[in-house]
Amino acid sequence: MAFREAQVGLNPIAMEIDSGEKRLNELGYKQELRREMSLFKTFAITFSTMALFIGTPLYGSSLLYAGPASMIWGYVVVTIFTWFVGFAMAEICSSFPTTGSLYFWAAHLAGPRWGPFASWCCAWLETIGLVSGIGASAYSGAQGLQIIILLSTGTNKGGGYLATRSVFLSMYIILTLIWAVLNSFALQVIAFLNMISVWWQVIGGFVIIVALPMIASPTQSASYVFTHFETSPETTGIHSKPYAVIMSVLLGQFCLYGYDIAAHLTEETKGADRTGPLAILFSIGIISAFGWAYILALTFSIQDPAYLYDPNNETAGALVPAQIIYDAFYGRYHSGTGAIIFLCIIWGTFFFAGLSVTASAARVVYALSRDGVPFSKVWRKIHPKQKVPINAVWLCTAISIIIGLPILKSNVVYTAVISTGTIGWVGSYAVPIFARLVMDEKDFKPGPFYLGRASKPICLIAFLYISYTCSVFLLPTLYPLQWDTFNYAPIAIAGSLTLIMLWWVLDARKWFKGPVRNIEFQNGAI
């Protein structure tokens with residue numbers, strides 16, 4: 001696997017065209033978005049979407065299912081398989097540097113017969129995943145604010161304020177609206193904020209990872225962190241040890257995706273056929289390393305495992321990592337101020353993640369609208385000055401607000417949203433990777449990043465892993481099954497896919513042909 005040397009012609013006009021734009025033209029699209037982002041800026045947005053602390057809300061349940069050992073080593077296993085997916089996607093991204101990314105890849109790799117159907121499925125899976133991703137980020141952000149406010153006003157034990165459901169929903173909605181407003185400005189604004197995000201996460205993450213175990217006294221032993229296995233059937237209702245291990249690994253599977261964001265930004269990135277793959281791989285490498293270190297820091301710093309889940313503790317048992325951090329600071333300094341500062345750092349990553357996911361979701365809707373779905377003229381509208389798909393931004397925001405409304409009545413909204421988002425988002429990766437796996441190699445035009453003979457086995461492993469990931473996020477997370485413990489993701493996914501397939505069979509197959517070229521070639525010239 002290597003970057004191949006690009007062939008540079010002698011035509012001085014051709015030499016002036018960005019390599020990503022040239023490939024975009026070859027694929028039948030004219031440059032409409034502003035191409036001015038560098039590798040670092042693209043990496044910054046991708047890194048922000050994956051977010052170092054994004055798994056914080058899932059840490060407590062993962063620890064509870066099977067203890068620290070399965071969670072810690074499960075994260076390592078997930079990281080290994082994530083690299084297979086990342087390499088497969090980087091190769092395809094190098095060949096097809098378009099904003100439509102996954103669904104565009106699916107259309108071209110599946111060929112003229114199956115391309116439209118593959119593109120249709122991939123586009124809607126990705127849209128479901130990204131819009132749900134906005135909701136998951138908003139929920140995490142609202143929960144983070146809820147705990148910060150609680151600790152700042154006296155803790156749960158000291159009469160602090162714990163936001164009610166209606167206030168929680170209000171925070172959720174406000175966050176989505178802020179992200180929409182910011183995404184209505186030029187992408188350079190988002191890129192600048194996400195450059196801040198990179199340093200926020202790297203510096204803040206380093207401080208938390210290093211300082212937290214140093215502050216905690218005492219710390220857990222290495223034996224506890226790396227070898228302790230303990231299920232909690234009395235709490236989770238799960239008596240099967242293999243099932244408990246599968247559930248504990250969900251933390252890593254939720255944390256390590258979102259790297260396709262780099263592909264969505266390729267039409268706005270310089271030299272995207274090279275920078276897109278690099279941004280994907282850099283993001284996986286840094287997030288996986290920092291993410292594992294963060295989980296280790298939390299686990300070593302646990303004071304009393306049982307107390308973390310007590311609804312009468314300082315954080316009302318609502319966010320386990322917050323209680324771990326609070327216990328560490330209060331145990332040493334008899335003050336929770338440091339914990340509030342650390343939680344603000346973590347909350348910042350939720351904010352930046354939501355900002356980035358909103359940007360990506362809007363670009364997927366824009367790319368799909370460009371190819372002829374209903375009301376496409378509305379959703380593909382580009383702001384004349386800012387050059388961003390502004391109507392698509394607000395459509396995604398409106399839908400994410402709607403899916404958050406059940407917060408007022410249900411305790412399992414977060415489980416349903418993250419499960420639906422993961423299945424849709426990661427599931428959309430499977431379509432182009434499977435198409436790449438089964439296509440004839442001679443029909444594939446590689447970009448600068450090419451896996452060569454390793455491509456097929458890498459794609460096979462990636463596809464099987466994605467299929468497994470989507471399957472486990474459909475499983476119930478608590479037993480016995482009741483209205484307030486049920487995982488509603490299977491219903492949401494089944495209902496959505498049923499509507500999408502019916503639409504295809506009854507109508508869309510007659511007019512949807514996949515990505516529509518907006519450049520005509522004559523005698524090899526544009």
# chains A, B, ... in the order shown; residues from 1 in each chain; ligands from 1
call {"tool": "closest_atom_pairs", "arguments": {"of": "stretch 271-318 of chain A", "to": "stretch 84-99 of chain A", "cutoff": "10 Å", "atoms": "only C-alpha atoms", "output": "Markdown table"}}
result
| residue | atom | partner | partner_atom | distance |
| --- | --- | --- | --- | --- |
| A:Gly271 | CA | A:Pro97 | CA | 9.1 |
| A:Ala272 | CA | A:Pro97 | CA | 5.9 |
| A:Asp273 | CA | A:Ser94 | CA | 4.3 |
| A:Arg274 | CA | A:Ser94 | CA | 6.1 |
| A:Thr275 | CA | A:Ser94 | CA | 8.4 |
| A:Gly276 | CA | A:Cys93 | CA | 6.5 |
| A:Pro277 | CA | A:Ala90 | CA | 4.3 |
| A:Leu278 | CA | A:Ala90 | CA | 7.5 |
| A:Ala279 | CA | A:Ala90 | CA | 8.8 |
| A:Ile280 | CA | A:Ala90 | CA | 6.5 |
| A:Leu281 | CA | A:Gly86 | CA | 6.3 |
| A:Phe282 | CA | A:Gly86 | CA | 9.8 |
| A:Ser283 | CA | A:Gly86 | CA | 9.6 |
| A:Ile284 | CA | A:Gly86 | CA | 7.4 |
| A:Gly285 | CA | A:Gly86 | CA | 9.9 |
call {"tool": "residues_around", "arguments": {"residues": "A:Ile500", "least_positions_apart": "6", "cutoff": "10 Å", "atoms": "only C-alpha atoms", "output": "VMD selection string"}}
result
chain A and resid 120 to 121 124 to 125 494 508
call {"tool": "residues_around", "arguments": {"residues": "A:Ala107", "least_positions_apart": "5", "cutoff": "9 Å", "atoms": "only C-alpha atoms", "output": "ChimeraX atom specification"}}
result
/A:102,112,114-120,122,432,435,513-515
call {"tool": "write_last_selection", "arguments": {"atoms": "N, CA, C and O atoms", "output": "compact mmCIF listing (two decimals), in the first residue's frame"}}
result
# COMPACT_ATOMS: atom_id res chain seq x y z
N LEU A 102 -19.47 8.48 0.03
CA LEU A 102 -19.89 7.08 0.14
C LEU A 102 -20.91 6.69 -0.92
O LEU A 102 -20.78 5.65 -1.57
N PRO A 112 -22.99 -0.03 -13.73
CA PRO A 112 -24.23 0.56 -14.25
C PRO A 112 -25.51 -0.19 -13.86
O PRO A 112 -26.57 0.42 -13.74
N TRP A 114 -26.17 -2.21 -10.99
CA TRP A 114 -26.50 -2.13 -9.57
C TRP A 114 -26.17 -0.78 -8.95
O TRP A 114 -26.53 -0.51 -7.80
N GLY A 115 -25.47 0.07 -9.69
CA GLY A 115 -25.04 1.35 -9.16
C GLY A 115 -26.15 2.21 -8.56
O GLY A 115 -26.02 2.69 -7.43
N PRO A 116 -27.25 2.43 -9.31
CA PRO A 116 -28.32 3.29 -8.76
C PRO A 116 -28.90 2.75 -7.44
O PRO A 116 -29.11 3.51 -6.51
N PHE A 117 -29.11 1.42 -7.38
CA PHE A 117 -29.68 0.85 -6.15
C PHE A 117 -28.68 0.93 -4.99
O PHE A 117 -29.05 1.30 -3.87
N ALA A 118 -27.41 0.62 -5.27
CA ALA A 118 -26.38 0.71 -4.24
C ALA A 118 -26.25 2.14 -3.75
O ALA A 118 -26.13 2.40 -2.54
N SER A 119 -26.28 3.08 -4.67
CA SER A 119 -26.17 4.49 -4.32
C SER A 119 -27.35 4.93 -3.48
O SER A 119 -27.19 5.67 -2.49
N TRP A 120 -28.55 4.50 -3.85
CA TRP A 120 -29.77 4.85 -3.13
C TRP A 120 -29.70 4.36 -1.67
O TRP A 120 -29.96 5.12 -0.74
N CYS A 122 -27.04 3.43 0.08
CA CYS A 122 -25.93 4.04 0.81
C CYS A 122 -26.25 5.47 1.23
O CYS A 122 -25.97 5.88 2.36
N PRO A 432 -20.09 0.72 -0.34
CA PRO A 432 -18.99 0.87 -1.29
C PRO A 432 -17.85 -0.12 -1.07
O PRO A 432 -17.20 -0.54 -2.03
N ALA A 435 -18.91 -3.30 -2.70
CA ALA A 435 -18.83 -3.12 -4.15
C ALA A 435 -17.38 -3.17 -4.63
O ALA A 435 -17.08 -3.77 -5.68
N LYS A 513 -30.98 7.63 -10.91
CA LYS A 513 -29.88 6.96 -11.61
C LYS A 513 -28.55 7.11 -10.89
O LYS A 513 -27.50 6.81 -11.44
N GLY A 514 -28.60 7.60 -9.66
CA GLY A 514 -27.36 7.82 -8.93
C GLY A 514 -26.79 9.19 -9.22
O GLY A 514 -27.49 10.09 -9.71
N PRO A 515 -25.52 9.40 -8.97
CA PRO A 515 -24.88 10.70 -9.20
C PRO A 515 -25.08 11.18 -10.63
O PRO A 515 -24.86 10.44 -11.59
call {"tool": "residues_around", "arguments": {"residues": "A:Ile261", "least_positions_apart": "6", "cutoff": "9 Å", "atoms": "only C-alpha atoms", "output": "MDAnalysis selection string"}}
result
chainID A and resid 42:43 45:47 49:50 280 356:357 360
call {"tool": "residues_around", "arguments": {"residues": "A:Trp483", "least_positions_apart": "4", "cutoff": "10 Å", "atoms": "only C-alpha atoms", "output": "list in words"}}
result
Ser410, Asn411, Val412, Asn487 and Tyr488 of chain A
call {"tool": "write_last_selection", "arguments": {"atoms": "C-alpha atoms", "output": "mmCIF file, in the first residue's frame"}}
result
data_model
loop_
_atom_site.group_PDB
_atom_site.id
_atom_site.type_symbol
_atom_site.label_atom_id
_atom_site.label_comp_id
_atom_site.auth_asym_id
_atom_site.auth_seq_id
_atom_site.Cartn_x
_atom_site.Cartn_y
_atom_site.Cartn_z
ATOM 1 C CA SER A 410 -38.371 8.272 27.632
ATOM 2 C CA ASN A 411 -35.156 7.262 29.410
ATOM 3 C CA VAL A 412 -33.791 5.245 26.476
ATOM 4 C CA ASN A 487 -33.624 -0.687 22.398
ATOM 5 C CA TYR A 488 -35.829 1.018 19.825
#
call {"tool": "residues_around", "arguments": {"residues": "A:Leu130", "least_positions_apart": "5", "cutoff": "9 Å", "atoms": "only C-alpha atoms", "output": "mmCIF file with all heavy atoms, in the first residue's frame"}}
result
data_model
loop_
_atom_site.group_PDB
_atom_site.id
_atom_site.type_symbol
_atom_site.label_atom_id
_atom_site.label_comp_id
_atom_site.auth_asym_id
_atom_site.auth_seq_id
_atom_site.Cartn_x
_atom_site.Cartn_y
_atom_site.Cartn_z
ATOM 1 N N LEU A 125 -28.789 5.439 4.152
ATOM 2 C CA LEU A 125 -28.166 4.951 5.384
ATOM 3 C C LEU A 125 -27.277 6.031 5.998
ATOM 4 O O LEU A 125 -27.311 6.286 7.204
ATOM 5 C CB LEU A 125 -27.325 3.704 5.093
ATOM 6 C CG LEU A 125 -28.062 2.372 4.986
ATOM 7 C CD1 LEU A 125 -27.108 1.283 4.501
ATOM 8 C CD2 LEU A 125 -28.668 1.982 6.334
ATOM 9 N N GLY A 135 -28.018 14.371 16.714
ATOM 10 C CA GLY A 135 -28.800 14.153 17.925
ATOM 11 C C GLY A 135 -27.968 13.562 19.049
ATOM 12 O O GLY A 135 -28.094 13.968 20.207
ATOM 13 N N VAL A 357 -20.371 17.309 12.695
ATOM 14 C CA VAL A 357 -21.357 16.370 12.157
ATOM 15 C C VAL A 357 -22.438 17.122 11.386
ATOM 16 O O VAL A 357 -22.899 16.675 10.329
ATOM 17 C CB VAL A 357 -21.985 15.520 13.279
ATOM 18 C CG1 VAL A 357 -23.100 14.645 12.720
ATOM 19 C CG2 VAL A 357 -20.932 14.646 13.924
ATOM 20 N N THR A 358 -22.834 18.287 11.893
ATOM 21 C CA THR A 358 -23.822 19.107 11.184
ATOM 22 C C THR A 358 -23.299 19.512 9.812
ATOM 23 O O THR A 358 -24.031 19.451 8.809
ATOM 24 C CB THR A 358 -24.183 20.361 12.004
ATOM 25 O OG1 THR A 358 -24.668 19.975 13.286
ATOM 26 C CG2 THR A 358 -25.234 21.195 11.288
ATOM 27 N N SER A 360 -21.101 17.937 7.981
ATOM 28 C CA SER A 360 -21.046 16.768 7.113
ATOM 29 C C SER A 360 -22.434 16.322 6.674
ATOM 30 O O SER A 360 -22.646 15.985 5.508
ATOM 31 C CB SER A 360 -20.340 15.623 7.840
ATOM 32 O OG SER A 360 -20.124 14.548 6.968
ATOM 33 N N ALA A 361 -23.389 16.307 7.598
ATOM 34 C CA ALA A 361 -24.752 15.898 7.257
ATOM 35 C C ALA A 361 -25.328 16.795 6.166
ATOM 36 O O ALA A 361 -25.967 16.315 5.218
ATOM 37 C CB ALA A 361 -25.638 15.947 8.501
ATOM 38 N N ALA A 362 -25.094 18.080 6.286
ATOM 39 C CA ALA A 362 -25.607 19.022 5.291
ATOM 40 C C ALA A 362 -25.000 18.761 3.918
ATOM 41 O O ALA A 362 -25.686 18.876 2.888
ATOM 42 C CB ALA A 362 -25.308 20.454 5.726
ATOM 43 N N VAL A 364 -23.929 15.863 2.751
ATOM 44 C CA VAL A 364 -24.497 14.640 2.188
ATOM 45 C C VAL A 364 -25.864 14.931 1.581
ATOM 46 O O VAL A 364 -26.186 14.480 0.473
ATOM 47 C CB VAL A 364 -24.609 13.545 3.267
ATOM 48 C CG1 VAL A 364 -25.395 12.353 2.737
ATOM 49 C CG2 VAL A 364 -23.223 13.089 3.692
ATOM 50 N N CYS A 396 -31.347 19.335 8.198
ATOM 51 C CA CYS A 396 -30.746 18.354 9.110
ATOM 52 C C CYS A 396 -30.974 18.746 10.565
ATOM 53 O O CYS A 396 -31.236 17.890 11.420
ATOM 54 C CB CYS A 396 -29.248 18.231 8.832
ATOM 55 S SG CYS A 396 -28.856 17.530 7.213
ATOM 56 N N GLY A 421 -27.820 5.815 14.860
ATOM 57 C CA GLY A 421 -26.768 6.572 14.197
ATOM 58 C C GLY A 421 -25.594 5.701 13.795
ATOM 59 O O GLY A 421 -25.068 5.821 12.671
ATOM 60 N N THR A 422 -25.179 4.803 14.684
ATOM 61 C CA THR A 422 -24.050 3.931 14.380
ATOM 62 C C THR A 422 -24.381 2.970 13.249
ATOM 63 O O THR A 422 -23.582 2.769 12.318
ATOM 64 C CB THR A 422 -23.631 3.132 15.627
ATOM 65 O OG1 THR A 422 -23.316 4.040 16.683
ATOM 66 C CG2 THR A 422 -22.421 2.267 15.338
ATOM 67 N N GLY A 424 -26.686 3.282 10.885
ATOM 68 C CA GLY A 424 -26.815 4.002 9.625
ATOM 69 C C GLY A 424 -25.476 4.468 9.093
ATOM 70 O O GLY A 424 -25.140 4.253 7.910
ATOM 71 N N TRP A 425 -24.690 5.093 9.968
ATOM 72 C CA TRP A 425 -23.418 5.690 9.551
ATOM 73 C C TRP A 425 -22.409 4.618 9.153
ATOM 74 O O TRP A 425 -21.863 4.617 8.051
ATOM 75 C CB TRP A 425 -22.863 6.536 10.697
ATOM 76 C CG TRP A 425 -21.883 7.586 10.291
ATOM 77 C CD1 TRP A 425 -21.112 7.613 9.158
ATOM 78 C CD2 TRP A 425 -21.558 8.776 11.017
ATOM 79 N NE1 TRP A 425 -20.320 8.737 9.133
ATOM 80 C CE2 TRP A 425 -20.576 9.465 10.265
ATOM 81 C CE3 TRP A 425 -21.981 9.316 12.227
ATOM 82 C CZ2 TRP A 425 -20.023 10.671 10.701
ATOM 83 C CZ3 TRP A 425 -21.428 10.511 12.643
ATOM 84 C CH2 TRP A 425 -20.466 11.191 11.890
#
call {"tool": "atom_distance", "arguments": {"atom1": "atom CA of A:Arg113", "atom2": "atom CA of A:Leu265"}}
result
28.0 Å
call {"tool": "residues_around", "arguments": {"residues": "stretch 226-232 of chain A", "least_positions_apart": "6", "cutoff": "12 Å", "atoms": "only C-alpha atoms", "output": "JSON, numbers by chain"}}
result
{"A": [61, 62, 63, 64, 65, 66, 67, 68, 69, 70, 71, 72, 73, 74, 75, 76, 220, 238, 239, 240, 241, 242, 243, 244, 245, 246, 247, 248, 295, 296, 299, 300, 305, 306, 309, 478, 479]}
call {"tool": "atom_distance", "arguments": {"atom1": "atom CA of A:Leu474", "atom2": "atom CA of A:Gly317"}}
result
25.4 Å
call {"tool": "closest_atom_pairs", "arguments": {"of": "stretch 169-276 of chain A", "to": "stretch 147-164 of chain A", "cutoff": "12 Å", "atoms": "only C-alpha atoms", "output": "JSON lines"}}
result
{"residue": "A:Leu169", "atom": "CA", "partner": "A:Thr164", "partner_atom": "CA", "distance": 8.6}
{"residue": "A:Ser170", "atom": "CA", "partner": "A:Thr164", "partner_atom": "CA", "distance": 9.8}
{"residue": "A:Met171", "atom": "CA", "partner": "A:Ala163", "partner_atom": "CA", "distance": 9.5}
{"residue": "A:Tyr172", "atom": "CA", "partner": "A:Ala163", "partner_atom": "CA", "distance": 11.8}
call {"tool": "write_last_selection", "arguments": {"atoms": "N, CA, C and O atoms", "output": "CSV table (one decimal), in the first residue's frame"}}
result
chain,number,residue,atom,x,y,z
A,169,LEU,N,-34.1,19.0,27.4
A,169,LEU,CA,-34.5,19.1,26.0
A,169,LEU,C,-34.2,20.5,25.4
A,169,LEU,O,-33.8,20.6,24.3
A,170,SER,N,-34.4,21.5,26.2
A,170,SER,CA,-34.1,22.9,25.8
A,170,SER,C,-32.7,23.0,25.5
A,170,SER,O,-32.3,23.7,24.5
A,171,MET,N,-31.8,22.5,26.3
A,171,MET,CA,-30.4,22.5,26.1
A,171,MET,C,-30.0,21.8,24.8
A,171,MET,O,-29.2,22.2,24.0
A,172,TYR,N,-30.7,20.7,24.6
A,172,TYR,CA,-30.5,19.9,23.4
A,172,TYR,C,-30.8,20.7,22.1
A,172,TYR,O,-30.0,20.7,21.2
call {"tool": "closest_residue", "arguments": {"among": "A:Tyr259, A:Tyr59, A:Phe53, A:Tyr333", "to": "A:Val320", "atoms": "only C-alpha atoms"}}
result
A:Tyr59
call {"tool": "select_by_dssp", "arguments": {"residues": "stretch 230-428 of chain A", "states": "helix (DSSP H, G or I)", "output": "ChimeraX atom specification"}}
result
/A:233-236,241-248,250-255,261-264,266-268,272-300,305-309,320-333,337-369,376-379,390-408,413-428
call {"tool": "atom_distance", "arguments": {"atom1": "atom CA of A:Ile173", "atom2": "atom CA of A:Ile401"}}
result
6.0 Å
call {"tool": "closest_residue", "arguments": {"among": "A:Gly427, A:Gly111, A:Gly144, A:Pro448", "to": "A:Thr469", "atoms": "only C-alpha atoms"}}
result
A:Gly427
call {"tool": "closest_residue", "arguments": {"among": "A:Leu145, A:Val189, A:Ala392, A:Val431", "to": "A:Ser369", "atoms": "only C-alpha atoms"}}
result
A:Ala392
call {"tool": "closest_residue", "arguments": {"among": "A:Tyr224, A:Phe185, A:Leu175, A:Cys344", "to": "A:Ile382", "atoms": "only C-alpha atoms"}}
result
A:Phe185
call {"tool": "decode", "arguments": {"residues": "stretch 458-476 of chain A", "atoms": "N, CA and C atoms", "output": "PDB file, in the first residue's frame"}}
result
ATOM      1  N   ILE A 458      -8.320  -6.819   2.542  1.00  0.00           N
ATOM      2  CA  ILE A 458      -8.624  -5.729   3.471  1.00  0.00           C
ATOM      3  C   ILE A 458     -10.110  -5.382   3.402  1.00  0.00           C
ATOM      4  N   CYS A 459     -10.657  -5.305   2.205  1.00  0.00           N
ATOM      5  CA  CYS A 459     -12.082  -4.995   2.046  1.00  0.00           C
ATOM      6  C   CYS A 459     -12.957  -6.098   2.632  1.00  0.00           C
ATOM      7  N   LEU A 460     -12.546  -7.356   2.485  1.00  0.00           N
ATOM      8  CA  LEU A 460     -13.326  -8.459   3.032  1.00  0.00           C
ATOM      9  C   LEU A 460     -13.396  -8.374   4.554  1.00  0.00           C
ATOM     10  N   ILE A 461     -12.255  -8.183   5.195  1.00  0.00           N
ATOM     11  CA  ILE A 461     -12.228  -8.075   6.655  1.00  0.00           C
ATOM     12  C   ILE A 461     -13.036  -6.862   7.111  1.00  0.00           C
ATOM     13  N   ALA A 462     -12.885  -5.743   6.402  1.00  0.00           N
ATOM     14  CA  ALA A 462     -13.622  -4.526   6.750  1.00  0.00           C
ATOM     15  C   ALA A 462     -15.126  -4.744   6.649  1.00  0.00           C
ATOM     16  N   PHE A 463     -15.569  -5.401   5.584  1.00  0.00           N
ATOM     17  CA  PHE A 463     -17.002  -5.636   5.385  1.00  0.00           C
ATOM     18  C   PHE A 463     -17.572  -6.538   6.471  1.00  0.00           C
ATOM     19  N   LEU A 464     -16.867  -7.602   6.804  1.00  0.00           N
ATOM     20  CA  LEU A 464     -17.345  -8.521   7.840  1.00  0.00           C
ATOM     21  C   LEU A 464     -17.413  -7.820   9.198  1.00  0.00           C
ATOM     22  N   TYR A 465     -16.421  -6.992   9.489  1.00  0.00           N
ATOM     23  CA  TYR A 465     -16.426  -6.275  10.763  1.00  0.00           C
ATOM     24  C   TYR A 465     -17.589  -5.282  10.830  1.00  0.00           C
ATOM     25  N   ILE A 466     -17.838  -4.569   9.750  1.00  0.00           N
ATOM     26  CA  ILE A 466     -18.956  -3.618   9.727  1.00  0.00           C
ATOM     27  C   ILE A 466     -20.279  -4.351   9.933  1.00  0.00           C
ATOM     28  N   SER A 467     -20.437  -5.487   9.288  1.00  0.00           N
ATOM     29  CA  SER A 467     -21.671  -6.269   9.431  1.00  0.00           C
ATOM     30  C   SER A 467     -21.877  -6.685  10.883  1.00  0.00           C
ATOM     31  N   TYR A 468     -20.793  -7.100  11.527  1.00  0.00           N
ATOM     32  CA  TYR A 468     -20.875  -7.478  12.941  1.00  0.00           C
ATOM     33  C   TYR A 468     -21.263  -6.272  13.806  1.00  0.00           C
ATOM     34  N   THR A 469     -20.626  -5.137  13.563  1.00  0.00           N
ATOM     35  CA  THR A 469     -20.903  -3.931  14.349  1.00  0.00           C
ATOM     36  C   THR A 469     -22.366  -3.532  14.254  1.00  0.00           C
ATOM     37  N   CYS A 470     -22.909  -3.525  13.046  1.00  0.00           N
ATOM     38  CA  CYS A 470     -24.316  -3.154  12.873  1.00  0.00           C
ATOM     39  C   CYS A 470     -25.231  -4.133  13.589  1.00  0.00           C
ATOM     40  N   SER A 471     -24.862  -5.404  13.589  1.00  0.00           N
ATOM     41  CA  SER A 471     -25.697  -6.428  14.237  1.00  0.00           C
ATOM     42  C   SER A 471     -25.761  -6.227  15.745  1.00  0.00           C
ATOM     43  N   VAL A 472     -24.621  -5.956  16.380  1.00  0.00           N
ATOM     44  CA  VAL A 472     -24.622  -5.873  17.847  1.00  0.00           C
ATOM     45  C   VAL A 472     -25.321  -4.613  18.346  1.00  0.00           C
ATOM     46  N   PHE A 473     -25.370  -3.555  17.529  1.00  0.00           N
ATOM     47  CA  PHE A 473     -26.081  -2.355  17.969  1.00  0.00           C
ATOM     48  C   PHE A 473     -27.603  -2.518  17.867  1.00  0.00           C
ATOM     49  N   LEU A 474     -28.044  -3.640  17.306  1.00  0.00           N
ATOM     50  CA  LEU A 474     -29.470  -3.945  17.276  1.00  0.00           C
ATOM     51  C   LEU A 474     -29.923  -4.719  18.509  1.00  0.00           C
ATOM     52  N   LEU A 475     -28.962  -5.238  19.271  1.00  0.00           N
ATOM     53  CA  LEU A 475     -29.292  -6.090  20.408  1.00  0.00           C
ATOM     54  C   LEU A 475     -29.859  -5.284  21.584  1.00  0.00           C
ATOM     55  N   PRO A 476     -30.718  -5.903  22.380  1.00  0.00           N
ATOM     56  CA  PRO A 476     -31.181  -5.262  23.622  1.00  0.00           C
ATOM     57  C   PRO A 476     -29.990  -5.010  24.548  1.00  0.00           C
TER      58      PRO A 476
END
